[in-house]
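Right, one structure below, let's go through it.
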Amino acid sequence: MYEGVVQDLIDELGRLPGVGPKSAQRIAFHILQAEPTDVRRLAQALLEVKAKVRFCAICGNVAQEELCNICRDPRRDLSVICVVEEPKDVVAIERTREFRGKYHVLGGAISPIEGVGPDDLRVKELMTRLMDGTVTELIIATDPNLEGEATAAYLARLVSPMGLAVSRLASGLPVGGDLEYADEVTLGRAFEGRRRIDA
Ligand SMILES: [Zn+2]
């Protein structure tokens, strides 16, 4: 539709999640009209995030060093792990200030339709963390949708021989939604009212 590089930019922006063709066009023209220094700062931020940020060797959260700041924090409770799908869920739960344990980021949820199975997620890493008996409680905070529920049920079954207390966030979260869209109060309440799963 547009010439060369302008269309290339629109195409690239359009590949981002949640950005439709119209938004891609709007952002592209915003960038075209922006100050060169602003554009350079944006480009730099994109490059730096890829160069500097990696995933925590223990929990899979985003990290600037080998371990994320939560895994490095000695004040966090080692006996509880909260399992989430994505690093953005860690941020959402941290905002509630209800949780003082550690996290485990799966990197997604089980979805037969999209061909995602347990082996595509950080399930093996979770099992390794549970081996030495330090962890006594597992809170499964996957998204309140079909894939999230399937993942929670799978994990509960998988860890049941280990004799841990396994719980799932209480209802009240918007069903079918994404954990990150729940407001802090709702998510905080869901945390407090978590229910024990007996697999
Ligand atoms: Zn970590």
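Quick note on naming: the chains in the structure tokens go A, B, ... in the order shown, residues restart at 1 in each chain, and ligands are numbered from 1 in order of appearance.
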As a ChimeraX atom specification, list the residues of region 18-194 of chain A assigned to strand (DSSP E) by DSSP on the backbone atoms of this structure. /A:54-55,62-63,77-84,101-105,137-140,165-168
Near region 76-81 of chain A, counting only C-alpha atoms, which residues have an atom at most 7 Å away, once you skip same-chain residues fewer than 3 positions from it, shown as a ChimeraX atom specification? /A:73,100-104,134-139
With only C-alpha atoms and all ligand atoms as the atoms that count, which of A:Ala51, A:Leu42, A:Ile58, A:Val6 lies nearest to ligand 1?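 Among the listed residues, A:Ile58 lies closest to ligand 1.
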Within 7 Å of ligand 1: each chain A residue with its shortest pair, only C-alpha atoms and all ligand atoms, as JSON lines:
```
{"residue": "A:Cys56", "atom": "CA", "partner": "ligand 1", "partner_atom_place_in_ligand_line": "1 (Zn)", "distance": 4.6}
{"residue": "A:Ala57", "atom": "CA", "partner": "ligand 1", "partner_atom_place_in_ligand_line": "1 (Zn)", "distance": 6.6}
{"residue": "A:Ile58", "atom": "CA", "partner": "ligand 1", "partner_atom_place_in_ligand_line": "1 (Zn)", "distance": 5.1}
{"residue": "A:Cys59", "atom": "CA", "partner": "ligand 1", "partner_atom_place_in_ligand_line": "1 (Zn)", "distance": 4.0}
{"residue": "A:Gly60", "atom": "CA", "partner": "ligand 1", "partner_atom_place_in_ligand_line": "1 (Zn)", "distance": 5.9}
{"residue": "A:Asn61", "atom": "CA", "partner": "ligand 1", "partner_atom_place_in_ligand_line": "1 (Zn)", "distance": 5.2}
{"residue": "A:Leu67", "atom": "CA", "partner": "ligand 1", "partner_atom_place_in_ligand_line": "1 (Zn)", "distance": 5.2}
{"residue": "A:Cys68", "atom": "CA", "partner": "ligand 1", "partner_atom_place_in_ligand_line": "1 (Zn)", "distance": 4.2}
{"residue": "A:Asn69", "atom": "CA", "partner": "ligand 1", "partner_atom_place_in_ligand_line": "1 (Zn)", "distance": 6.7}
{"residue": "A:Ile70", "atom": "CA", "partner": "ligand 1", "partner_atom_place_in_ligand_line": "1 (Zn)", "distance": 5.7}
{"residue": "A:Cys71", "atom": "CA", "partner": "ligand 1", "partner_atom_place_in_ligand_line": "1 (Zn)", "distance": 4.2}
{"residue": "A:Tyr103", "atom": "CA", "partner": "ligand 1", "partner_atom_place_in_ligand_line": "1 (Zn)", "distance": 6.9}
```
Please produce a file of the residues just selected, as a PDB file, in the first residue's frame, where the atoms kept are C-alpha atoms.
```
ATOM      1  CA  CYS A  56      16.103 -16.400  35.313  1.00  0.00           C
ATOM      2  CA  ALA A  57      17.946 -19.720  35.577  1.00  0.00           C
ATOM      3  CA  ILE A  58      15.733 -20.794  38.493  1.00  0.00           C
ATOM      4  CA  CYS A  59      12.237 -19.496  37.867  1.00  0.00           C
ATOM      5  CA  GLY A  60      12.112 -18.379  34.224  1.00  0.00           C
ATOM      6  CA  ASN A  61      11.132 -14.800  35.058  1.00  0.00           C
ATOM      7  CA  LEU A  67      18.857 -14.878  38.572  1.00  0.00           C
ATOM      8  CA  CYS A  68      15.876 -12.515  38.726  1.00  0.00           C
ATOM      9  CA  ASN A  69      15.525 -10.065  41.614  1.00  0.00           C
ATOM     10  CA  ILE A  70      12.886 -12.246  43.321  1.00  0.00           C
ATOM     11  CA  CYS A  71      15.088 -15.357  43.315  1.00  0.00           C
ATOM     12  CA  TYR A 103       7.595 -17.996  41.464  1.00  0.00           C
TER      13      TYR A 103
END
```
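By only C-alpha atoms, and with residues fewer than 2 positions from Ala150 (chain A) along its chain excluded, the set lying at most 12 Å from it is A:Gly108, A:Ala109, A:Ile110, A:Ser111, A:Pro112, A:Val116, A:Gly117, A:Pro118, A:Ile140, A:Ala141, A:Thr142, A:Asp143, A:Pro144, A:Asn145, A:Leu146, A:Glu147, A:Gly148, A:Ala152, A:Ala153, A:Tyr154, A:Leu155, A:Ala156, A:Arg157.
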Please produce a file of the residues just selected, as a short mmCIF file (atom, residue, chain, number, x, y, z; two decimals), in the first residue's frame, where the atoms kept are all heavy atoms.
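The resulting result.cif:
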```
data_model
loop_
_atom_site.label_atom_id
_atom_site.label_comp_id
_atom_site.auth_asym_id
_atom_site.auth_seq_id
_atom_site.Cartn_x
_atom_site.Cartn_y
_atom_site.Cartn_z
N GLY A 108 3.94 -20.33 29.26
CA GLY A 108 2.73 -20.58 28.48
C GLY A 108 1.81 -21.54 29.21
O GLY A 108 1.97 -21.76 30.41
N ALA A 109 0.85 -22.09 28.48
CA ALA A 109 -0.09 -23.05 29.05
C ALA A 109 -0.29 -24.19 28.07
O ALA A 109 -0.03 -24.03 26.87
CB ALA A 109 -1.42 -22.36 29.34
N ILE A 110 -0.73 -25.31 28.60
CA ILE A 110 -0.99 -26.48 27.75
C ILE A 110 -2.15 -26.16 26.81
O ILE A 110 -3.21 -25.71 27.24
CB ILE A 110 -1.33 -27.72 28.61
CG1 ILE A 110 -0.10 -28.12 29.43
CG2 ILE A 110 -1.80 -28.87 27.73
CD1 ILE A 110 -0.38 -29.19 30.48
N SER A 111 -1.93 -26.34 25.52
CA SER A 111 -2.97 -26.08 24.54
C SER A 111 -2.86 -27.05 23.37
O SER A 111 -2.04 -26.86 22.48
CB SER A 111 -2.85 -24.63 24.02
OG SER A 111 -3.69 -24.45 22.91
N PRO A 112 -3.69 -28.11 23.40
CA PRO A 112 -3.63 -29.10 22.31
C PRO A 112 -3.87 -28.47 20.94
O PRO A 112 -3.26 -28.86 19.96
CB PRO A 112 -4.76 -30.08 22.67
CG PRO A 112 -5.00 -29.89 24.13
CD PRO A 112 -4.70 -28.46 24.42
N VAL A 116 0.77 -27.09 22.06
CA VAL A 116 1.65 -26.88 23.20
C VAL A 116 1.39 -27.95 24.26
O VAL A 116 0.29 -28.05 24.80
CB VAL A 116 1.44 -25.48 23.83
CG1 VAL A 116 2.41 -25.26 24.99
CG2 VAL A 116 1.62 -24.38 22.78
N GLY A 117 2.39 -28.77 24.51
CA GLY A 117 2.29 -29.81 25.53
C GLY A 117 3.20 -29.51 26.71
O GLY A 117 3.95 -28.53 26.67
N PRO A 118 3.14 -30.33 27.75
CA PRO A 118 3.97 -30.11 28.95
C PRO A 118 5.47 -29.98 28.64
O PRO A 118 6.17 -29.21 29.29
CB PRO A 118 3.71 -31.36 29.79
CG PRO A 118 2.39 -31.86 29.33
CD PRO A 118 2.28 -31.50 27.88
N ILE A 140 -1.13 -22.62 42.19
CA ILE A 140 -1.19 -22.61 40.73
C ILE A 140 -2.03 -21.42 40.28
O ILE A 140 -3.24 -21.36 40.50
CB ILE A 140 -1.75 -23.93 40.18
CG1 ILE A 140 -0.90 -25.10 40.71
CG2 ILE A 140 -1.72 -23.91 38.65
CD1 ILE A 140 -1.38 -26.47 40.31
N ALA A 141 -1.35 -20.45 39.68
CA ALA A 141 -2.02 -19.21 39.29
C ALA A 141 -1.99 -19.04 37.77
O ALA A 141 -1.68 -17.97 37.25
CB ALA A 141 -1.35 -18.01 39.99
N THR A 142 -2.32 -20.12 37.07
CA THR A 142 -2.43 -20.01 35.62
C THR A 142 -3.71 -19.25 35.29
O THR A 142 -4.57 -19.09 36.15
CB THR A 142 -2.47 -21.41 34.97
OG1 THR A 142 -3.41 -22.22 35.69
CG2 THR A 142 -1.11 -22.09 35.04
N ASP A 143 -3.82 -18.77 34.06
CA ASP A 143 -4.96 -17.93 33.67
C ASP A 143 -6.29 -18.66 33.85
O ASP A 143 -6.37 -19.87 33.67
CB ASP A 143 -4.83 -17.49 32.20
CG ASP A 143 -3.74 -16.44 32.02
OD1 ASP A 143 -3.32 -15.86 33.03
OD2 ASP A 143 -3.33 -16.23 30.87
N PRO A 144 -7.36 -17.88 34.20
CA PRO A 144 -8.68 -18.50 34.38
C PRO A 144 -9.39 -18.77 33.05
O PRO A 144 -10.50 -18.34 32.84
CB PRO A 144 -9.44 -17.48 35.23
CG PRO A 144 -8.79 -16.18 34.91
CD PRO A 144 -7.38 -16.46 34.54
N ASN A 145 -8.71 -19.47 32.14
CA ASN A 145 -9.36 -19.88 30.88
C ASN A 145 -9.12 -21.37 30.66
O ASN A 145 -8.50 -22.04 31.50
CB ASN A 145 -8.83 -19.04 29.71
CG ASN A 145 -7.31 -19.11 29.61
OD1 ASN A 145 -6.69 -20.09 30.02
ND2 ASN A 145 -6.71 -18.07 29.08
N LEU A 146 -9.57 -21.87 29.53
CA LEU A 146 -9.51 -23.31 29.24
C LEU A 146 -8.10 -23.86 29.37
O LEU A 146 -7.86 -24.88 30.04
CB LEU A 146 -10.04 -23.54 27.82
CG LEU A 146 -10.81 -24.82 27.58
CD1 LEU A 146 -12.06 -24.85 28.45
CD2 LEU A 146 -11.20 -24.94 26.10
N GLU A 147 -7.14 -23.20 28.74
CA GLU A 147 -5.75 -23.68 28.75
C GLU A 147 -5.17 -23.61 30.16
O GLU A 147 -4.46 -24.52 30.59
CB GLU A 147 -4.88 -22.85 27.79
CG GLU A 147 -5.20 -23.00 26.33
CD GLU A 147 -6.40 -22.17 25.88
OE1 GLU A 147 -6.81 -21.27 26.64
OE2 GLU A 147 -6.96 -22.45 24.80
N GLY A 148 -5.48 -22.51 30.85
CA GLY A 148 -4.97 -22.33 32.22
C GLY A 148 -5.51 -23.41 33.15
O GLY A 148 -4.78 -23.94 33.99
N ALA A 152 -3.44 -26.31 35.12
CA ALA A 152 -3.54 -26.45 36.57
C ALA A 152 -3.87 -27.89 36.95
O ALA A 152 -3.26 -28.47 37.85
CB ALA A 152 -4.60 -25.49 37.12
N ALA A 153 -4.83 -28.47 36.22
CA ALA A 153 -5.24 -29.85 36.51
C ALA A 153 -4.08 -30.81 36.25
O ALA A 153 -3.83 -31.72 37.04
CB ALA A 153 -6.44 -30.22 35.65
N TYR A 154 -3.37 -30.58 35.17
CA TYR A 154 -2.22 -31.43 34.83
C TYR A 154 -1.15 -31.36 35.93
O TYR A 154 -0.65 -32.40 36.39
CB TYR A 154 -1.63 -31.00 33.48
CG TYR A 154 -0.34 -31.71 33.15
CD1 TYR A 154 -0.35 -32.99 32.59
CD2 TYR A 154 0.89 -31.11 33.44
CE1 TYR A 154 0.84 -33.65 32.32
CE2 TYR A 154 2.08 -31.77 33.17
CZ TYR A 154 2.04 -33.04 32.61
OH TYR A 154 3.22 -33.70 32.36
N LEU A 155 -0.81 -30.15 36.35
CA LEU A 155 0.23 -29.98 37.36
C LEU A 155 -0.18 -30.59 38.70
O LEU A 155 0.62 -31.23 39.37
CB LEU A 155 0.57 -28.50 37.54
CG LEU A 155 1.29 -27.82 36.39
CD1 LEU A 155 1.48 -26.34 36.70
CD2 LEU A 155 2.64 -28.47 36.11
N ALA A 156 -1.45 -30.38 39.07
CA ALA A 156 -1.94 -30.91 40.35
C ALA A 156 -1.81 -32.43 40.38
O ALA A 156 -1.38 -33.02 41.38
CB ALA A 156 -3.40 -30.50 40.56
N ARG A 157 -2.13 -33.05 39.24
CA ARG A 157 -2.03 -34.50 39.15
C ARG A 157 -0.57 -34.95 39.21
O ARG A 157 -0.21 -35.90 39.89
CB ARG A 157 -2.68 -34.98 37.84
CG ARG A 157 -3.51 -36.25 38.00
CD ARG A 157 -4.18 -36.66 36.69
NE ARG A 157 -4.81 -35.54 36.00
CZ ARG A 157 -4.53 -35.18 34.74
NH1 ARG A 157 -3.64 -35.83 34.04
NH2 ARG A 157 -5.15 -34.15 34.18
#
```
